[in-house]
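As provided, entry00.tsv (TSV, C-alpha atoms) reads as follows.
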```tsv
chain	number	residue	atom	x	y	z
N	1	ARG	CA	50.48	57.16	114.82
N	2	ARG	CA	47.12	58.04	116.37
N	3	GLN	CA	48.81	60.42	118.80
N	4	TRP	CA	50.60	62.18	115.96
N	5	LYS	CA	47.36	62.51	114.00
N	6	ARG	CA	45.50	63.89	117.01
N	7	LEU	CA	48.29	66.37	117.73
N	8	CYS	CA	48.55	67.54	114.11
N	9	LYS	CA	44.83	68.33	114.07
N	10	VAL	CA	45.37	70.78	116.93
N	11	LEU	CA	48.84	72.03	115.90
N	12	PRO	CA	49.22	71.33	112.15
N	13	GLY	CA	52.76	72.71	111.88
N	14	MET	CA	54.17	70.52	114.65
N	15	SER	CA	57.64	69.16	113.93
N	16	PHE	CA	60.87	68.11	115.60
N	17	ARG	CA	63.26	71.07	115.51
N	18	VAL	CA	66.95	70.94	116.45
N	19	VAL	CA	68.58	74.13	117.73
N	20	GLU	CA	71.45	75.08	115.45
N	21	ARG	CA	72.18	78.65	116.59
N	22	ALA	CA	73.70	79.76	119.92
N	23	ASP	CA	71.09	82.52	120.40
N	24	LYS	CA	68.34	79.86	120.54
N	25	ILE	CA	69.95	77.88	123.40
N	26	GLU	CA	68.95	80.15	126.27
N	27	PRO	CA	65.23	80.45	125.38
N	28	ALA	CA	64.98	76.68	124.83
N	29	MET	CA	66.69	75.83	128.10
N	30	ASP	CA	64.62	78.43	129.97
N	31	TRP	CA	61.49	76.79	128.55
N	32	ILE	CA	62.67	73.36	129.72
N	33	CYS	CA	63.51	74.68	133.20
N	34	ARG	CA	60.19	76.50	133.55
N	35	HIS	CA	58.25	73.33	132.75
N	36	LYS	CA	60.57	71.14	134.87
N	37	LEU	CA	59.96	73.49	137.78
N	38	ALA	CA	56.17	73.31	137.34
N	39	TRP	CA	56.42	69.50	137.18
N	40	SER	CA	58.61	69.37	140.30
N	41	GLU	CA	56.35	71.63	142.36
N	42	VAL	CA	53.41	69.28	141.80
N	43	ARG	CA	55.55	66.34	142.95
N	44	GLY	CA	57.44	68.14	145.71
N	45	LYS	CA	60.83	67.52	144.11
N	46	HIS	CA	63.88	69.73	143.73
N	47	GLY	CA	66.70	69.62	141.22
N	48	TRP	CA	69.06	71.59	139.01
N	49	PHE	CA	66.12	73.52	137.54
N	50	ASN	CA	65.69	75.28	140.91
N	51	ALA	CA	69.21	76.76	140.97
N	52	GLU	CA	70.16	79.74	138.80
N	53	ASP	CA	73.91	79.06	139.06
N	54	ILE	CA	73.46	75.48	137.81
N	55	LEU	CA	71.32	76.72	134.94
N	56	LEU	CA	74.03	79.22	133.96
N	57	LEU	CA	76.58	76.41	133.96
N	58	LEU	CA	74.33	74.20	131.81
N	59	LYS	CA	73.75	77.00	129.29
N	60	SER	CA	77.47	77.68	129.06
N	61	THR	CA	78.16	73.97	128.57
N	62	ALA	CA	75.48	73.79	125.89
N	63	ARG	CA	77.00	76.74	123.98
N	64	SER	CA	80.42	75.12	124.09
N	65	ALA	CA	78.99	71.76	122.98
N	66	LEU	CA	77.16	73.45	120.09
N	67	ASP	CA	80.44	74.97	118.93
N	68	ASP	CA	82.02	71.49	119.04
N	69	GLY	CA	79.07	69.87	117.23
N	70	ARG	CA	78.19	67.74	120.27
N	71	LEU	CA	74.92	69.39	121.41
N	72	VAL	CA	71.50	68.06	120.47
N	73	LEU	CA	68.96	70.51	121.86
N	74	ALA	CA	65.58	70.01	120.25
N	75	ALA	CA	61.89	70.70	120.62
N	76	LEU	CA	58.54	69.53	119.37
N	77	SER	CA	57.16	72.82	118.18
N	78	ASP	CA	55.09	74.49	115.49
N	79	GLY	CA	57.20	77.63	115.72
N	80	ASP	CA	54.89	79.40	118.17
N	81	THR	CA	53.97	76.59	120.55
N	82	THR	CA	56.44	74.17	122.09
N	83	ILE	CA	54.98	71.07	123.69
N	84	SER	CA	58.18	69.20	124.63
N	85	ALA	CA	61.90	69.88	124.54
N	86	GLY	CA	65.13	68.39	125.78
N	87	TRP	CA	68.82	68.02	125.24
N	88	GLY	CA	71.85	65.82	125.48
N	89	TYR	CA	75.40	65.48	124.23
N	90	VAL	CA	77.01	63.41	121.49
N	91	CYS	CA	80.22	61.60	122.44
N	92	GLY	CA	81.54	59.65	119.47
N	93	SER	CA	78.70	57.36	118.40
N	94	GLU	CA	76.92	57.67	121.76
N	95	PHE	CA	74.23	60.12	122.84
N	96	LEU	CA	74.00	61.06	126.53
N	97	PHE	CA	70.44	62.21	127.18
N	98	TYR	CA	70.50	64.90	129.85
N	99	ALA	CA	66.98	66.27	130.40
N	100	PHE	CA	63.62	67.03	128.86
N	101	ALA	CA	60.26	68.50	129.81
N	102	TYR	CA	56.78	68.91	128.41
N	103	ASP	CA	53.94	71.39	128.59
N	104	LYS	CA	51.28	69.82	130.80
N	105	ALA	CA	48.58	71.65	128.82
N	106	TYR	CA	49.28	69.10	126.05
N	107	ALA	CA	49.70	66.06	128.31
N	108	THR	CA	46.84	64.16	126.64
N	109	TYR	CA	48.93	64.02	123.44
N	110	SER	CA	51.90	62.30	125.19
N	111	PRO	CA	54.35	65.04	124.18
N	112	SER	CA	57.33	63.44	125.94
N	113	ARG	CA	56.79	60.10	124.22
N	114	LEU	CA	56.48	61.81	120.85
N	115	PHE	CA	59.58	63.90	121.55
N	116	LEU	CA	61.60	60.82	122.51
N	117	GLU	CA	60.49	59.02	119.36
N	118	LYS	CA	61.74	61.88	117.18
N	119	LEU	CA	64.93	62.31	119.22
N	120	LEU	CA	65.80	58.62	118.84
N	121	GLN	CA	65.11	58.79	115.10
N	122	HIS	CA	67.31	61.88	114.84
N	123	CYS	CA	70.16	60.13	116.64
N	124	PHE	CA	69.99	57.00	114.50
N	125	ARG	CA	69.80	59.06	111.28
N	126	ASN	CA	73.01	60.79	112.40
N	127	SER	CA	74.94	57.54	112.98
N	128	ILE	CA	74.55	57.62	116.75
N	129	ARG	CA	74.30	53.97	117.70
N	130	THR	CA	73.98	54.17	121.48
N	131	PHE	CA	71.36	56.26	123.26
N	132	ASP	CA	72.18	56.47	126.98
N	133	PHE	CA	69.24	57.52	129.16
N	134	MET	CA	71.70	58.03	132.04
N	135	PRO	CA	71.06	56.89	135.65
N	136	GLY	CA	67.58	56.66	137.09
N	137	GLY	CA	64.77	54.18	137.15
N	138	GLU	CA	62.06	56.23	135.47
N	139	ALA	CA	59.42	54.11	133.73
N	140	TYR	CA	59.80	55.76	130.30
N	141	LYS	CA	63.39	54.49	130.11
N	142	ARG	CA	62.25	50.87	130.35
N	143	ILE	CA	59.85	51.42	127.44
N	144	TRP	CA	62.61	52.56	125.07
N	145	ALA	CA	65.71	50.77	126.36
N	146	THR	CA	67.05	47.52	124.92
N	147	ASP	CA	69.65	47.10	127.65
N	148	TYR	CA	69.97	47.96	131.32
N	149	VAL	CA	73.21	48.79	133.09
N	150	ARG	CA	73.17	48.48	136.87
N	151	GLN	CA	74.71	51.28	138.80
N	152	GLU	CA	76.48	50.98	142.11
N	153	SER	CA	77.51	53.61	144.61
N	154	TYR	CA	80.27	53.59	147.17
N	155	ILE	CA	81.78	56.01	149.60
N	156	GLY	CA	85.49	56.31	150.32
N	157	THR	CA	87.32	58.63	152.64
N	158	LEU	CA	90.34	60.79	151.95
N	159	ASN	CA	91.33	61.62	155.54
N	160	TRP	CA	90.54	60.82	159.18
N	161	ARG	CA	87.71	63.39	159.30
N	162	GLY	CA	86.03	61.70	156.37
N	163	GLU	CA	86.51	58.35	158.07
N	164	LEU	CA	84.90	59.74	161.23
N	165	LEU	CA	81.91	61.07	159.30
N	166	LEU	CA	81.55	57.82	157.39
N	167	ARG	CA	81.62	55.77	160.59
N	168	LEU	CA	79.09	58.07	162.22
N	169	SER	CA	76.79	57.87	159.23
N	170	THR	CA	76.89	54.07	159.08
N	171	ALA	CA	76.74	53.48	162.86
N	172	ARG	CA	73.53	52.19	164.35
N	173	ILE	CA	72.73	55.50	165.98
N	174	ALA	CA	70.41	54.40	168.79
N	175	ALA	CA	72.56	51.60	170.23
N	176	ARG	CA	76.12	52.53	169.35
N	177	LEU	CA	76.33	56.31	169.26
N	178	PRO	CA	77.97	56.76	172.69
N	179	ALA	CA	80.67	54.18	171.85
N	180	VAL	CA	81.23	55.67	168.40
N	181	LEU	CA	81.57	59.15	169.87
N	182	ARG	CA	84.01	57.87	172.52
N	183	ASP	CA	86.09	56.18	169.81
N	184	ALA	CA	85.96	59.30	167.65
N	185	TYR	CA	86.98	61.47	170.59
N	186	GLY	CA	89.84	59.11	171.36
N	187	ASN	CA	91.09	59.40	167.76
N	188	LEU	CA	91.16	63.21	167.81
N	189	PRO	CA	94.57	64.85	168.11
N	190	LEU	CA	95.40	65.80	171.69
N	191	ARG	CA	95.31	69.55	170.96
N	192	TRP	CA	91.72	69.19	169.62
N	193	ARG	CA	90.58	67.17	172.63
N	194	LYS	CA	91.78	69.96	174.94
```

Mind turning the file's structure into structure tokens?
Amino acid sequence: RRQWKRLCKVLPGMSFRVVERADKIEPAMDWICRHKLAWSEVRGKHGWFNAEDILLLLKSTARSALDDGRLVLAALSDGDTTISAGWGYVCGSEFLFYAFAYDKAYATYSPSRLFLEKLLQHCFRNSIRTFDFMPGGEAYKRIWATDYVRQESYIGTLNWRGELLLRLSTARIAARLPAVLRDAYGNLPLRWRK
């Protein structure tokens, strides 16, 4: 409550606002991407927010989801100033949280924590009973989550080339590379070996 009080002294009209019109999607998502990019540059990370084609896909998906009533794109804003925003998709009674960002100029007010609080309240008020933070081990997820689902990864091959690449990638390169290459060469079709 102290954080809300402090924030409301600086930005009295601050509230949680859900985007309900298609023409508001692009500016909101551009805001998120701009702040995600600034965050990533400081940390030397790259992601979807660096690629224009991915952003176009996400905007198109968001417009379609809005039409279907499955998009929750929201911001903590006073109308002029946005301090945090994010979005996700409703699937039945489950919310899949995709991404969010905050304005680092307001970092001392914990804008992301305040945004998540309001987003969770919004979901529960709208009969969404499961809030899925999606994969990743970020610390904020452990603060809010009541359950943890382990994720596993595996790689399978569809053809002999995939098998070759998989074997090369899992081989102990320093000791076994010559043998692996000999085996791989031996498994190539005769016309390729020539």

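Closest to Ala101 of chain N among N:Ser84, N:Thr130, N:Gln151, N:Thr61 is N:Ser84, based on all atoms listed in the file.
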
Which residues are near Glu163 of chain N? Cut-off 12 Å, only C-alpha atoms, ignore same chain within fewer than 4 positions. Put them as a PyMOL selection string. chain N and resi 155-159+167-171+180+183-184+187-188

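For the pair atom CA of Leu76 of chain N and atom CA of Phe16 of chain N, the interatomic distance is 4.7 Å.
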
So, with all atoms listed in the file as the atoms that count, which of N:Gln3, N:Gln121, N:Thr82, N:Ser127 lies closest to Tyr102 of chain N? N:Thr82

For Gly79 of chain N, which residue out of N:Leu96, N:Leu164, N:Ile32, N:Val18 is the nearest one, using only C-alpha atoms? N:Val18

note - atom CA of Tyr106 of chain N and atom CA of Leu119 of chain N are separated by 18.4 Å
